[in-house]
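*Asks:* My file is protein.txt. It has compact mmCIF, C-alpha atoms:
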```txt
# COMPACT_ATOMS: atom_id res chain seq x y z
CA MET A 1 -17.74 2.28 2.68
CA PRO A 2 -19.06 3.22 -0.76
CA GLU A 3 -22.70 2.51 -1.31
CA GLY A 4 -23.91 0.35 -4.18
CA SER A 5 -27.16 -0.90 -5.53
CA ALA A 6 -28.90 -3.82 -3.85
CA GLY A 7 -26.72 -6.89 -3.59
CA GLU A 8 -23.50 -5.06 -4.44
CA THR A 9 -20.57 -5.39 -2.08
CA PRO A 10 -17.65 -2.94 -2.11
CA VAL A 11 -14.44 -4.44 -3.49
CA ALA A 12 -10.95 -3.80 -2.12
CA LEU A 13 -7.65 -4.81 -3.70
CA VAL A 14 -4.66 -5.10 -1.36
CA THR A 15 -1.17 -5.95 -2.60
CA GLY A 16 1.28 -8.05 -0.62
CA THR A 17 -1.37 -10.03 1.27
CA ARG A 18 0.63 -13.18 2.01
CA LYS A 19 1.72 -11.83 5.39
CA GLY A 20 2.34 -8.73 7.48
CA ILE A 21 0.41 -5.50 6.98
CA GLY A 22 -1.16 -6.72 3.75
CA ARG A 23 -2.67 -9.83 5.28
CA TYR A 24 -3.88 -7.86 8.29
CA LEU A 25 -5.62 -5.31 6.08
CA ALA A 26 -7.17 -8.02 3.92
CA GLU A 27 -8.63 -9.76 6.96
CA HIS A 28 -9.64 -6.40 8.43
CA PHE A 29 -11.61 -5.53 5.29
CA LEU A 30 -13.21 -8.98 5.19
CA ALA A 31 -14.37 -8.51 8.78
CA ARG A 32 -16.02 -5.27 7.68
CA GLY A 33 -17.97 -7.07 4.98
CA LEU A 34 -15.95 -6.16 1.91
CA ARG A 35 -15.05 -8.42 -0.99
CA VAL A 36 -11.24 -8.58 -0.98
CA GLU A 37 -8.79 -9.33 -3.78
CA GLY A 38 -5.15 -9.81 -2.86
CA CYS A 39 -1.86 -10.62 -4.50
CA SER A 40 1.73 -11.64 -3.86
CA ARG A 41 4.45 -13.46 -5.76
CA GLU A 42 3.62 -16.71 -3.96
CA PRO A 43 0.36 -18.38 -2.89
CA ALA A 44 -1.24 -16.70 0.10
CA GLY A 45 -1.04 -19.71 2.38
CA TRP A 46 -4.38 -18.76 3.89
CA GLU A 47 -8.00 -18.72 2.78
CA ALA A 48 -11.17 -16.93 3.82
CA PRO A 49 -14.70 -16.53 2.47
CA GLY A 50 -14.86 -13.51 0.20
CA TYR A 51 -11.12 -13.50 -0.50
CA THR A 52 -9.47 -14.20 -3.86
CA HIS A 53 -5.70 -14.43 -4.24
CA HIS A 54 -3.66 -13.68 -7.35
CA CYS A 55 -0.05 -14.80 -7.79
CA LEU A 56 2.00 -12.16 -9.56
CA SER A 57 4.72 -9.57 -9.18
CA VAL A 58 3.33 -6.05 -8.90
CA ALA A 59 6.11 -4.98 -11.28
CA ASP A 60 4.80 -7.32 -14.00
CA GLU A 61 2.67 -5.10 -16.23
CA ALA A 62 0.97 -7.99 -18.03
CA GLY A 63 0.17 -9.68 -14.72
CA VAL A 64 -1.26 -6.50 -13.20
CA LYS A 65 -3.43 -5.87 -16.25
CA ALA A 66 -4.68 -9.46 -16.22
CA MET A 67 -5.59 -9.22 -12.52
CA LEU A 68 -7.59 -6.01 -12.97
CA THR A 69 -9.32 -7.47 -16.05
CA ASP A 70 -10.26 -10.52 -14.01
CA ILE A 71 -11.66 -8.35 -11.20
CA GLN A 72 -13.68 -6.35 -13.72
CA LYS A 73 -15.12 -9.49 -15.33
CA ARG A 74 -16.00 -11.23 -12.06
CA LEU A 75 -17.05 -8.32 -9.86
CA GLY A 76 -17.60 -5.37 -12.19
CA ARG A 77 -16.13 -2.82 -9.81
CA LEU A 78 -13.20 -1.76 -7.67
CA ASP A 79 -13.70 0.68 -4.82
CA ILE A 80 -10.44 0.56 -2.87
CA LEU A 81 -6.79 -0.06 -3.67
CA VAL A 82 -4.09 -0.35 -1.01
CA ASN A 83 -0.58 -0.56 -2.44
CA ASN A 84 1.16 -2.32 0.42
CA ALA A 85 3.61 -4.62 -1.39
CA GLY A 86 7.17 -3.49 -0.84
CA ILE A 87 10.72 -4.61 -0.19
CA ALA A 88 13.66 -3.06 1.65
CA SER A 89 17.41 -3.59 1.73
CA MET A 90 19.59 -2.07 4.40
CA ASN A 91 22.97 -1.33 2.84
CA HIS A 92 25.48 1.48 2.70
CA VAL A 93 25.08 3.00 -0.75
CA LEU A 94 28.69 2.14 -1.64
CA LEU A 95 27.94 -1.53 -1.00
CA THR A 96 24.60 -1.70 -2.81
CA PRO A 97 24.52 -3.80 -6.01
CA ASP A 98 22.70 -2.45 -9.04
CA ALA A 99 20.46 -5.53 -9.03
CA THR A 100 19.23 -4.53 -5.56
CA ALA A 101 18.45 -1.02 -6.77
CA VAL A 102 16.45 -2.35 -9.72
CA LYS A 103 14.48 -4.75 -7.51
CA ILE A 104 13.60 -2.11 -4.91
CA LEU A 105 12.55 0.52 -7.45
CA ASP A 106 10.62 -2.00 -9.53
CA THR A 107 8.59 -3.32 -6.60
CA ASN A 108 8.12 -0.19 -4.51
CA PHE A 109 7.67 2.46 -7.16
CA ARG A 110 6.96 0.87 -10.52
CA GLY A 111 4.57 -1.62 -8.96
CA THR A 112 2.68 1.19 -7.24
CA PHE A 113 2.49 3.10 -10.52
CA LEU A 114 1.15 0.11 -12.46
CA LEU A 115 -1.49 -0.76 -9.85
CA CYS A 116 -2.64 2.85 -9.55
CA ARG A 117 -2.89 3.29 -13.30
CA GLU A 118 -4.90 0.13 -13.93
CA ALA A 119 -7.08 0.49 -10.82
CA ALA A 120 -7.96 4.09 -11.66
CA LYS A 121 -9.13 3.00 -15.11
CA LEU A 122 -11.61 0.67 -13.45
CA MET A 123 -12.61 3.08 -10.68
CA ARG A 124 -13.42 5.96 -13.01
CA ARG A 125 -16.21 3.93 -14.61
CA ARG A 126 -18.24 4.42 -11.44
CA LYS A 127 -16.78 7.85 -10.65
CA TYR A 128 -15.58 6.60 -7.29
CA GLY A 129 -12.36 5.25 -5.83
CA ARG A 130 -10.06 5.32 -2.84
CA ILE A 131 -6.34 4.69 -3.34
CA VAL A 132 -3.96 4.41 -0.38
CA ASN A 133 -0.25 3.97 -1.03
CA VAL A 134 2.18 2.88 1.67
CA SER A 135 5.36 4.85 2.34
CA THR A 136 7.63 4.87 5.40
CA ILE A 137 9.05 7.20 8.05
CA ALA A 138 12.45 6.40 6.52
CA VAL A 139 11.63 9.24 4.11
CA PRO A 140 11.35 12.16 6.59
CA LEU A 141 13.96 10.66 8.93
CA GLN A 142 16.43 10.13 6.06
CA LEU A 143 17.67 6.94 7.66
CA GLU A 144 21.24 5.93 6.92
CA GLY A 145 21.58 2.61 5.15
CA GLU A 146 18.15 2.92 3.60
CA SER A 147 18.87 5.35 0.77
CA LEU A 148 17.26 3.30 -2.00
CA TYR A 149 14.30 2.21 0.10
CA ALA A 150 13.64 5.79 1.21
CA ALA A 151 14.16 7.10 -2.33
CA SER A 152 11.67 4.60 -3.77
CA LYS A 153 9.06 5.57 -1.19
CA SER A 154 9.76 9.27 -1.67
CA ALA A 155 8.98 8.69 -5.35
CA VAL A 156 5.71 7.03 -4.30
CA GLU A 157 4.79 10.10 -2.25
CA THR A 158 5.46 12.56 -5.08
CA PHE A 159 3.69 10.33 -7.57
CA SER A 160 0.68 10.09 -5.25
CA ARG A 161 0.40 13.86 -4.84
CA VAL A 162 0.41 14.41 -8.59
CA LEU A 163 -1.88 11.45 -9.28
CA ALA A 164 -4.37 12.85 -6.76
CA ARG A 165 -4.75 15.91 -8.98
CA GLU A 166 -5.00 13.89 -12.18
CA VAL A 167 -7.81 11.60 -10.99
CA ALA A 168 -9.78 14.00 -8.77
CA ASP A 169 -12.35 14.63 -11.51
CA PHE A 170 -13.10 10.89 -11.55
CA GLY A 171 -14.14 10.89 -7.89
CA ILE A 172 -10.91 9.12 -6.91
CA THR A 173 -8.78 10.15 -3.93
CA VAL A 174 -5.12 9.22 -3.49
CA ASN A 175 -3.40 9.37 -0.11
CA VAL A 176 -0.32 7.92 1.59
CA VAL A 177 0.33 6.38 4.99
CA GLY A 178 3.89 6.21 6.33
CA PRO A 179 4.25 3.55 9.03
CA THR A 180 6.96 3.33 11.67
CA PRO A 181 8.80 0.01 12.10
CA ILE A 182 6.31 -2.79 12.76
CA GLU A 183 7.09 -6.38 13.76
CA THR A 184 7.14 -7.83 10.23
CA ASP A 185 9.67 -9.61 8.01
CA LEU A 186 10.66 -6.20 6.63
CA ILE A 187 12.60 -5.39 9.83
CA ARG A 188 13.54 -8.92 10.90
CA ASN A 189 17.20 -8.48 9.91
CA VAL A 190 17.55 -4.89 11.09
CA PRO A 191 19.80 -4.64 14.19
CA LYS A 192 17.83 -4.06 17.38
CA ASP A 193 19.89 -0.99 18.25
CA LYS A 194 18.96 0.52 14.88
CA ILE A 195 15.25 0.00 15.60
CA ALA A 196 15.67 1.37 19.11
CA GLY A 197 17.34 4.47 17.68
CA ILE A 198 14.46 5.04 15.29
CA ILE A 199 11.90 4.71 18.09
CA GLN A 200 13.75 7.33 20.13
CA ARG A 201 13.22 9.82 17.28
CA LEU A 202 9.45 9.41 17.47
CA ALA A 203 7.04 11.34 19.66
CA VAL A 204 5.29 8.09 20.61
CA LYS A 205 8.18 5.83 21.52
CA ARG A 206 7.08 2.33 20.55
CA LEU A 207 6.93 0.05 17.55
CA GLY A 208 3.94 0.52 15.31
CA ARG A 209 1.07 -1.95 15.24
CA PHE A 210 -1.05 -3.26 12.41
CA GLU A 211 -4.03 -1.54 14.02
CA ASP A 212 -2.28 1.84 13.71
CA VAL A 213 -1.97 1.43 9.95
CA ALA A 214 -5.54 0.16 9.58
CA ASN A 215 -6.84 3.17 11.51
CA VAL A 216 -5.34 5.59 8.97
CA VAL A 217 -6.40 3.48 5.99
CA ASP A 218 -9.97 3.34 7.32
CA PHE A 219 -10.00 7.12 7.54
CA PHE A 220 -8.69 7.62 4.01
CA ILE A 221 -11.16 5.18 2.41
CA ARG A 222 -14.33 6.54 4.03
CA PRO A 223 -16.84 8.03 1.55
CA GLU A 224 -16.85 11.08 3.83
CA SER A 225 -13.12 11.57 3.10
CA GLU A 226 -13.84 12.71 -0.45
CA TYR A 227 -12.28 16.13 0.28
CA ILE A 228 -9.02 14.60 1.52
CA THR A 229 -6.53 13.74 -1.21
CA GLY A 230 -2.85 14.11 -2.01
CA GLN A 231 -1.95 13.79 1.67
CA VAL A 232 0.90 11.92 3.39
CA LEU A 233 0.32 10.89 7.01
CA TYR A 234 3.30 9.57 8.99
CA LEU A 235 2.70 7.53 12.11
CA GLY A 236 4.43 7.86 15.46
CA GLY A 237 4.83 11.62 15.50
CA VAL A 238 8.10 11.94 13.60
CA ALA A 239 10.21 14.42 15.59
```
Go through the file and emit its structure as structure tokens.

*Replies:*
Amino acid sequence: MPEGSAGETPVALVTGTRKGIGRYLAEHFLARGLRVEGCSREPAGWEAPGYTHHCLSVADEAGVKAMLTDIQKRLGRLDILVNNAGIASMNHVLLTPDATAVKILDTNFRGTFLLCREAAKLMRRRKYGRIVNVSTIAVPLQLEGESLYAASKSAVETFSRVLAREVADFGITVNVVGPTPIETDLIRNVPKDKIAGIIQRLAVKRLGRFEDVANVVDFFIRPESEYITGQVLYLGGVA
């Protein structure tokens, strides 16, 4: 974790902390002694010492700016950002409504862009920052029925690689983790045979776990990882 002067505690912002990977990471960071800020469209539904929740859509520019301003005023720093908030829709492209396309791209890509932009402004004040964006193995596997979801995450990956170059002089790294299917609401409505087929294409043939994602995130956010940026790490050994 980044070091601060006496009494300072590193601050992490995780998006989509109401449930799933986001909540796990928030609680994981709290257990490691960090101050954690989180957000989702709805109230978190859980509380913990050291945790502050913000209700907003990550695609709402005014809401994102207000959240980062609030963090700056209360805590004066931001060390880590994990862009976890995301949505998926499994449809054949010919059956996908335009409204679905707008919602997926707004949340997955535009939300990531807005959070990265505003967080980097705050991080560069201390010449230190760790940004981790969340993608998916649907990108390299080019999964049928997930064209928009995969496209939105592919955009996140390209954006992250370029952003890594743009903010490197500010002491900020930007990396991406691409999880396999994990038992969350995101795959609840995906047919079991579809999930089984995906697992068979992996080197490690099992569903992912929250701990697998946290392991990669922990690596990316270490101070010692200052020389690692612009990287995409897929889980499961995509074959």

*Asks:* List every protein, DNA or RNA residue with an atom no more than 10 Å from (18.3, -3.7, 2.9) in the file's coordinates, counting all atoms listed in the file, and format the result as JSON, numbers by chain.

*Replies:* {"A": [87, 88, 89, 90, 91, 92, 96, 100, 104, 145, 146, 147, 148, 149, 186, 187, 189, 190]}

*Asks:* Please compute the CA of Pro97 in chain A-CA of Ala196 in chain A distance, one decimal, in Å.

*Replies:*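 Those two atoms sit 27.1 Å apart.
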
*Asks:* So how far away is CA of Val82 in chain A from CA of Thr180 in chain A, in Å?

*Replies:*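 Here the two named atoms are 17.2 Å from each other.
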
*Asks:* Measure the distance from CA of Thr9 in chain A to CA of Arg41 in chain A in Å and round it to one decimal.

*Replies:*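 Distance between the two atoms: 26.5 Å.
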
*Asks:* Give me, as a list in words, all polymer residues having an atom no more than 12 Å from Arg161 in chain A, counting all atoms listed in the file and skipping those fewer than 5 positions away in the same chain.

*Replies:*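 With the cut-off at 12 Å, the set is Ile131, Val132, Asn133, Ser154, Ala155, Val156, Glu166, Val167, Ala168, Thr173, Val174, Asn175, Val176, Ile228, Thr229, Gly230, Gln231 and Val232 of chain A.
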
*Asks:* Identify, on the basis of only C-alpha atoms, every residue whose closest approach to Val213 in chain A does not exceed 10 Å; exclude the query and any residue fewer than 4 positions from it along the same chain; express the result as a ChimeraX atom specification.

*Replies:* /A:21,24-25,134,177-180,182,208-209,217-218,234-235

*Asks:* Identify, on the basis of all atoms listed in the file, every residue whose closest approach to Arg124 in chain A does not exceed 10 Å; exclude the query and any residue fewer than 2 positions from it along the same chain; express the result as a ChimeraX atom specification.

*Replies:* /A:77-79,119-122,126-129,167-172

*Asks:* As a ChimeraX atom specification, please: the residues near Phe29 in chain A (cut-off 12 Å, all atoms listed in the file, same-chain neighbours under 4 positions excluded).

*Replies:* /A:1,9-14,17,22-25,33-38,48-51,80-82,214-215,217-218,221

*Asks:* Provide an axis-aligned box for all listed atoms of range 219-225 of chain A, padding each side by 3 Å; report its centre and its edge lengths in Å to one decimal, as JSON.

*Replies:*
```
{"center_x": -12.8, "center_y": 8.4, "center_z": 4.5, "size_x": 14.2, "size_y": 12.4, "size_z": 12.0}
```

*Asks:* Name all residues at most 8 Å from Glu118 in chain A (count only C-alpha atoms; drop same-chain ones fewer than 3 positions away) and give them as a PyMOL selection string.

*Replies:* chain A and resi 64-65+68+114-115+121-122

*Asks:* Using C-alpha atoms, can you export the residues from the last selection as a CSV table (one decimal), keeping the file's coordinate frame?

*Replies:*
```csv
chain,number,residue,atom,x,y,z
A,64,VAL,CA,-1.3,-6.5,-13.2
A,65,LYS,CA,-3.4,-5.9,-16.2
A,68,LEU,CA,-7.6,-6.0,-13.0
A,114,LEU,CA,1.2,0.1,-12.5
A,115,LEU,CA,-1.5,-0.8,-9.8
A,121,LYS,CA,-9.1,3.0,-15.1
A,122,LEU,CA,-11.6,0.7,-13.4
```

*Asks:* Ranking A:Ile137, A:Leu207, A:Ala150, A:Leu94 by minimum distance to Leu233 in chain A and counting all atoms listed in the file, which one comes first?

*Replies:* A:Ile137

*Asks:* For the point (0.1, 11.4, 17.3) in file coordinates, what residues are within 10 Å, counting all atoms listed in the file? Give the answer as a ChimeraX atom specification?

*Replies:* /A:202-204,234-238

*Asks:* Which one of A:Arg32, A:Arg206, A:Arg74, A:Arg18 sits closest to His54 in chain A if you count only C-alpha atoms?

*Replies:*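 Ranked by minimum distance to His54 in chain A, first place goes to A:Arg18.
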
*Asks:* Determine the nearest neighbour of Leu75 in chain A from the options A:Thr52, A:Leu105, A:Gly197, A:Phe159, counting all atoms listed in the file.

*Replies:*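 Result for the nearest residue to Leu75 in chain A: A:Thr52.
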